[in-house]
Amino acid sequence: MSRLIDDLLDGDHRALARTITKIEDRAPGYRDLVSQLHDHTGDADVIGITGSPGAGKSTLVDKMAEEYRNRGLTVGVIAIDPSSPFTGGAVLGDRIRMASNTGDMDVFFRSMSARGTLGGLSTATTDAVKALDAFGKDKIIIETVGAGQNEVDIVRTADTVAVLVPPASGDDVQMLKAGILEIADLFVVNKADLDGANRTVQELREMIEMRRDELAVATGHHGTVEKTGDESGTNDATDDDTLSWSPPIVETVAKRGDGLDELLSVLADHREYLVESGRLETKARDRYAAEIRTLLREDTADLLAAEIEERGGLDQFVDRVLDRETDPYAVADELLGPIEECIEEHSG
Amino acid sequence: MSEAQEQRTIRCLVGKVGLDGHDRGAHVIARAFRDAGFEVIYSGLHKAPDEIVQATVQEDVDVLGISILSGAHSTLVPKIMDGLEEYGAKEDTLILVGGIIPEEDRDELLDLGVAHIFGPGASMDEIVDFVRENAPERR
């Protein structure tokens, strides 16, 4: 095992920080590091916080971290901000809002730039979460880029997703409908002291109910919803109420800490639901499957890139396609040929 | 994976420390760094040396730029340096100071491990180039 990982597991902050850097940079050897981390992960509760820019994500995360610390838990935070599509540069400003936890090393706060990826998460986020998990953090909070409609990647990394909705965002809420509404395990109407908060809560409630009806209709009669939602087959003893989850709405005023207790207890409830319904395990399975697929895609793409390079680059194939000597499908078959042969040889 | 992703991104912390509310310079620098393609973390105003140390360690920045215009550099900078040393972060972080630093105080800061002091009149290009050339090689 590498010294860096040893140090990380020993609780060295610098080693944790450096490991995350290597993960972010996709530095040589980072894959080995992540491999070594895997065995030590799986204990942390991973919470995703998303919502439109200015909804109060950073402030809320700060207060959450503070409260978890008060309860004797250790916290890791990953906050993602957008990067410039032109220079790749970024100003990562979330740290400024972390005023309640400065000087407390047991809140490990890391700013990340999205580095050009869409979906509100950095590609390295999932691996960085593993580093925090292995380090022994009890709660890991991921704050996404200020999200619009379709930044739903967070579901692939977080166990519980809280979507922040600022008051008086009636039209915005409508827009959220398709993408973000669907990934919310709970809604937080932050800045609840502002005008329009009640209306926003009301609108969200209507939307959630409408969606529940749609689900019930789509899957036939009542009861099948729960069964299809739970594939691990542990639902024999439990009744319907504990097995289904409908997103609660929590009102908070993050800067004053109002509603924080309720938020944390709803988060704990969701965690309990995940564990008891077997959803946590299902989620983990899905996540690892997706991760393996992504890695395979990247790796085979690299293999192919090497093969193409070997044969003189993609341009000459494109030339032949343009001249109607061949077509894109034939080129793909030709390039994949050697790989297919290898596989056949091995399996044969 | 694209070429740009494989290339290491330089990360900087721009820190305002102590009782000094003048942050125009820090903002301008943060922006210039961003435009140069760096990832910049801005500390916000009135930070204690401990907070700067915490941020430098956790964010694993290549460059720490400390902006001080209050005249308290001889007290604040050593505290930051000691903190970084404690976490093993002093050696491979490029530490810069910007602001009003009297001539007679400069050597003291440089002896502590500050790589360079940029006073009034330093150009953005000069600072960005210095960072590019001197950002530490990492293990």
# chains A, B, ... in the order shown; residues from 1 in each chain; ligands from 1

$ residues_around --residues "Asp60 (chain B)" --least-positions-apart "6" --cutoff "7 Å" --atoms "only C-alpha atoms" --output "list of chain:residue names"
A:Ala17, A:Arg18, A:Thr21

$ residues_around --residues "Val57 (chain B)" --least-positions-apart "2" --cutoff "8 Å" --atoms "only C-alpha atoms" --output "count of residues only"
12

$ select_by_dssp --residues "region 79-205 of chain A" --states "helix (DSSP H, G or I)" --output "PyMOL selection string"
chain A and resi 94-97+99-101+125-135+153-156+170-176+180-183+197-205

$ closest_residue --among "A:Arg320, A:Arg110, A:Lys137, A:Arg279" --to "chain B" --atoms "only C-alpha atoms"
A:Arg110

$ residues_around --residues "Asp7 (chain A)" --least-positions-apart "4" --cutoff "12 Å" --atoms "only C-alpha atoms" --output "ChimeraX atom specification"
/A:1-3,11-19,37,131,134-135

$ write_last_selection --atoms "N, CA, C and O atoms" --output "short mmCIF file (atom, residue, chain, number, x, y, z; two decimals), in the first residue's frame"
data_model
loop_
_atom_site.label_atom_id
_atom_site.label_comp_id
_atom_site.auth_asym_id
_atom_site.auth_seq_id
_atom_site.Cartn_x
_atom_site.Cartn_y
_atom_site.Cartn_z
N MET A 1 0.84 -1.20 0.00
CA MET A 1 0.00 0.00 0.00
C MET A 1 0.87 1.25 0.00
O MET A 1 1.91 1.28 0.64
N SER A 2 0.46 2.26 -0.72
CA SER A 2 1.32 3.43 -0.85
C SER A 2 1.33 4.23 0.45
O SER A 2 0.41 4.16 1.25
N ARG A 3 2.39 4.99 0.60
CA ARG A 3 2.56 5.75 1.85
C ARG A 3 1.46 6.81 1.98
O ARG A 3 0.97 7.10 3.07
N GLY A 11 -5.11 9.43 9.35
CA GLY A 11 -5.73 10.68 9.74
C GLY A 11 -4.90 11.91 9.43
O GLY A 11 -5.09 12.96 10.04
N ASP A 12 -3.96 11.80 8.49
CA ASP A 12 -3.15 12.95 8.10
C ASP A 12 -3.92 13.81 7.09
O ASP A 12 -4.21 13.38 5.98
N HIS A 13 -4.23 15.05 7.50
CA HIS A 13 -5.04 15.94 6.65
C HIS A 13 -4.36 16.24 5.33
O HIS A 13 -4.99 16.34 4.29
N ARG A 14 -3.06 16.43 5.43
CA ARG A 14 -2.30 16.78 4.22
C ARG A 14 -2.38 15.63 3.20
O ARG A 14 -2.52 15.86 2.01
N ALA A 15 -2.31 14.40 3.69
CA ALA A 15 -2.36 13.24 2.79
C ALA A 15 -3.73 13.14 2.15
O ALA A 15 -3.85 12.83 0.96
N LEU A 16 -4.76 13.44 2.92
CA LEU A 16 -6.11 13.44 2.36
C LEU A 16 -6.23 14.49 1.26
O LEU A 16 -6.73 14.21 0.17
N ALA A 17 -5.72 15.68 1.56
CA ALA A 17 -5.80 16.77 0.59
C ALA A 17 -5.05 16.42 -0.68
O ALA A 17 -5.53 16.65 -1.79
N ARG A 18 -3.86 15.82 -0.49
CA ARG A 18 -3.03 15.49 -1.65
C ARG A 18 -3.66 14.37 -2.49
O ARG A 18 -3.61 14.39 -3.72
N THR A 19 -4.27 13.42 -1.80
CA THR A 19 -4.95 12.34 -2.51
C THR A 19 -6.06 12.90 -3.40
O THR A 19 -6.20 12.53 -4.56
N LEU A 37 -8.28 2.71 -1.73
CA LEU A 37 -9.25 3.33 -0.83
C LEU A 37 -10.49 2.47 -0.66
O LEU A 37 -11.10 2.43 0.40
N ALA A 131 -12.27 9.12 -0.87
CA ALA A 131 -11.14 9.51 -0.03
C ALA A 131 -11.63 10.00 1.33
O ALA A 131 -11.07 9.63 2.37
N ALA A 134 -12.98 6.97 3.33
CA ALA A 134 -11.89 6.15 3.87
C ALA A 134 -11.18 6.86 5.02
O ALA A 134 -10.71 6.23 5.96
N PHE A 135 -11.12 8.18 4.93
CA PHE A 135 -10.49 8.97 5.99
C PHE A 135 -11.28 8.84 7.28
O PHE A 135 -10.75 9.07 8.37
#

$ interface_residues --of "chain A" --to "chain B" --cutoff "10 Å" --atoms "only C-alpha atoms" --output "count of residues only"
51

$ atom_distance --atom1 "CA of Asp133 (chain A)" --atom2 "CA of His38 (chain A)"
9.2 Å

$ atom_distance --atom1 "CA of Ala44 (chain A)" --atom2 "CA of Thr157 (chain A)"
12.0 Å

$ residues_around --residues "region 306-316 of chain A" --least-positions-apart "6" --cutoff "12 Å" --atoms "only C-alpha atoms" --output "VMD selection string"
chain A and resid 299 to 300 322 to 323 325 to 326 328 331 to 332 334 to 339

$ write_last_selection --atoms "N, CA and C atoms" --output "PDB file, in the first residue's frame"
ATOM      1  N   ASP A 299     -11.544   3.234 -20.652  1.00  0.00           N
ATOM      2  CA  ASP A 299     -10.382   2.391 -20.946  1.00  0.00           C
ATOM      3  C   ASP A 299     -10.410   1.863 -22.370  1.00  0.00           C
ATOM      4  N   THR A 300     -11.581   1.415 -22.798  1.00  0.00           N
ATOM      5  CA  THR A 300     -11.646   0.908 -24.173  1.00  0.00           C
ATOM      6  C   THR A 300     -11.454   2.049 -25.159  1.00  0.00           C
ATOM      7  N   LEU A 322     -14.919  10.516 -46.692  1.00  0.00           N
ATOM      8  CA  LEU A 322     -15.328  11.664 -47.507  1.00  0.00           C
ATOM      9  C   LEU A 322     -15.291  11.317 -48.997  1.00  0.00           C
ATOM     10  N   ASP A 323     -14.279  10.529 -49.384  1.00  0.00           N
ATOM     11  CA  ASP A 323     -14.147  10.142 -50.788  1.00  0.00           C
ATOM     12  C   ASP A 323     -15.073   8.991 -51.173  1.00  0.00           C
ATOM     13  N   GLU A 325     -14.946   6.061 -50.267  1.00  0.00           N
ATOM     14  CA  GLU A 325     -14.272   4.763 -50.398  1.00  0.00           C
ATOM     15  C   GLU A 325     -14.790   3.780 -49.363  1.00  0.00           C
ATOM     16  N   THR A 326     -15.164   4.346 -48.226  1.00  0.00           N
ATOM     17  CA  THR A 326     -15.697   3.517 -47.146  1.00  0.00           C
ATOM     18  C   THR A 326     -16.722   4.346 -46.394  1.00  0.00           C
ATOM     19  N   PRO A 328     -18.538   5.254 -42.253  1.00  0.00           N
ATOM     20  CA  PRO A 328     -18.193   5.260 -40.826  1.00  0.00           C
ATOM     21  C   PRO A 328     -18.397   3.896 -40.148  1.00  0.00           C
ATOM     22  N   VAL A 331     -15.530   1.604 -41.003  1.00  0.00           N
ATOM     23  CA  VAL A 331     -14.311   2.018 -40.305  1.00  0.00           C
ATOM     24  C   VAL A 331     -14.346   1.536 -38.867  1.00  0.00           C
ATOM     25  N   ALA A 332     -15.509   1.722 -38.221  1.00  0.00           N
ATOM     26  CA  ALA A 332     -15.637   1.286 -36.827  1.00  0.00           C
ATOM     27  C   ALA A 332     -15.389  -0.223 -36.725  1.00  0.00           C
ATOM     28  N   GLU A 334     -13.698  -2.106 -38.765  1.00  0.00           N
ATOM     29  CA  GLU A 334     -12.296  -2.387 -39.065  1.00  0.00           C
ATOM     30  C   GLU A 334     -11.404  -2.142 -37.847  1.00  0.00           C
ATOM     31  N   LEU A 335     -11.665  -1.015 -37.160  1.00  0.00           N
ATOM     32  CA  LEU A 335     -10.833  -0.660 -36.013  1.00  0.00           C
ATOM     33  C   LEU A 335     -11.104  -1.565 -34.814  1.00  0.00           C
ATOM     34  N   LEU A 336     -12.354  -1.997 -34.693  1.00  0.00           N
ATOM     35  CA  LEU A 336     -12.711  -2.852 -33.556  1.00  0.00           C
ATOM     36  C   LEU A 336     -12.253  -4.297 -33.770  1.00  0.00           C
ATOM     37  N   GLY A 337     -12.012  -4.637 -35.031  1.00  0.00           N
ATOM     38  CA  GLY A 337     -11.671  -6.000 -35.382  1.00  0.00           C
ATOM     39  C   GLY A 337     -10.657  -6.663 -34.475  1.00  0.00           C
ATOM     40  N   PRO A 338      -9.470  -6.054 -34.335  1.00  0.00           N
ATOM     41  CA  PRO A 338      -8.433  -6.701 -33.522  1.00  0.00           C
ATOM     42  C   PRO A 338      -8.901  -6.979 -32.091  1.00  0.00           C
ATOM     43  N   ILE A 339      -9.676  -6.031 -31.531  1.00  0.00           N
ATOM     44  CA  ILE A 339     -10.150  -6.222 -30.155  1.00  0.00           C
ATOM     45  C   ILE A 339     -11.124  -7.396 -30.091  1.00  0.00           C
TER      46      ILE A 339
END

$ residues_around --residues "Glu108 (chain B)" --least-positions-apart "4" --cutoff "12 Å" --atoms "only C-alpha atoms" --output "list in words"
His73, Ser74, Thr75, Val77, Pro78, Ile101, Pro102, Glu103, Glu104, Leu112, Gly113, Val114, Ala115, His116 and Ile117 of chain B
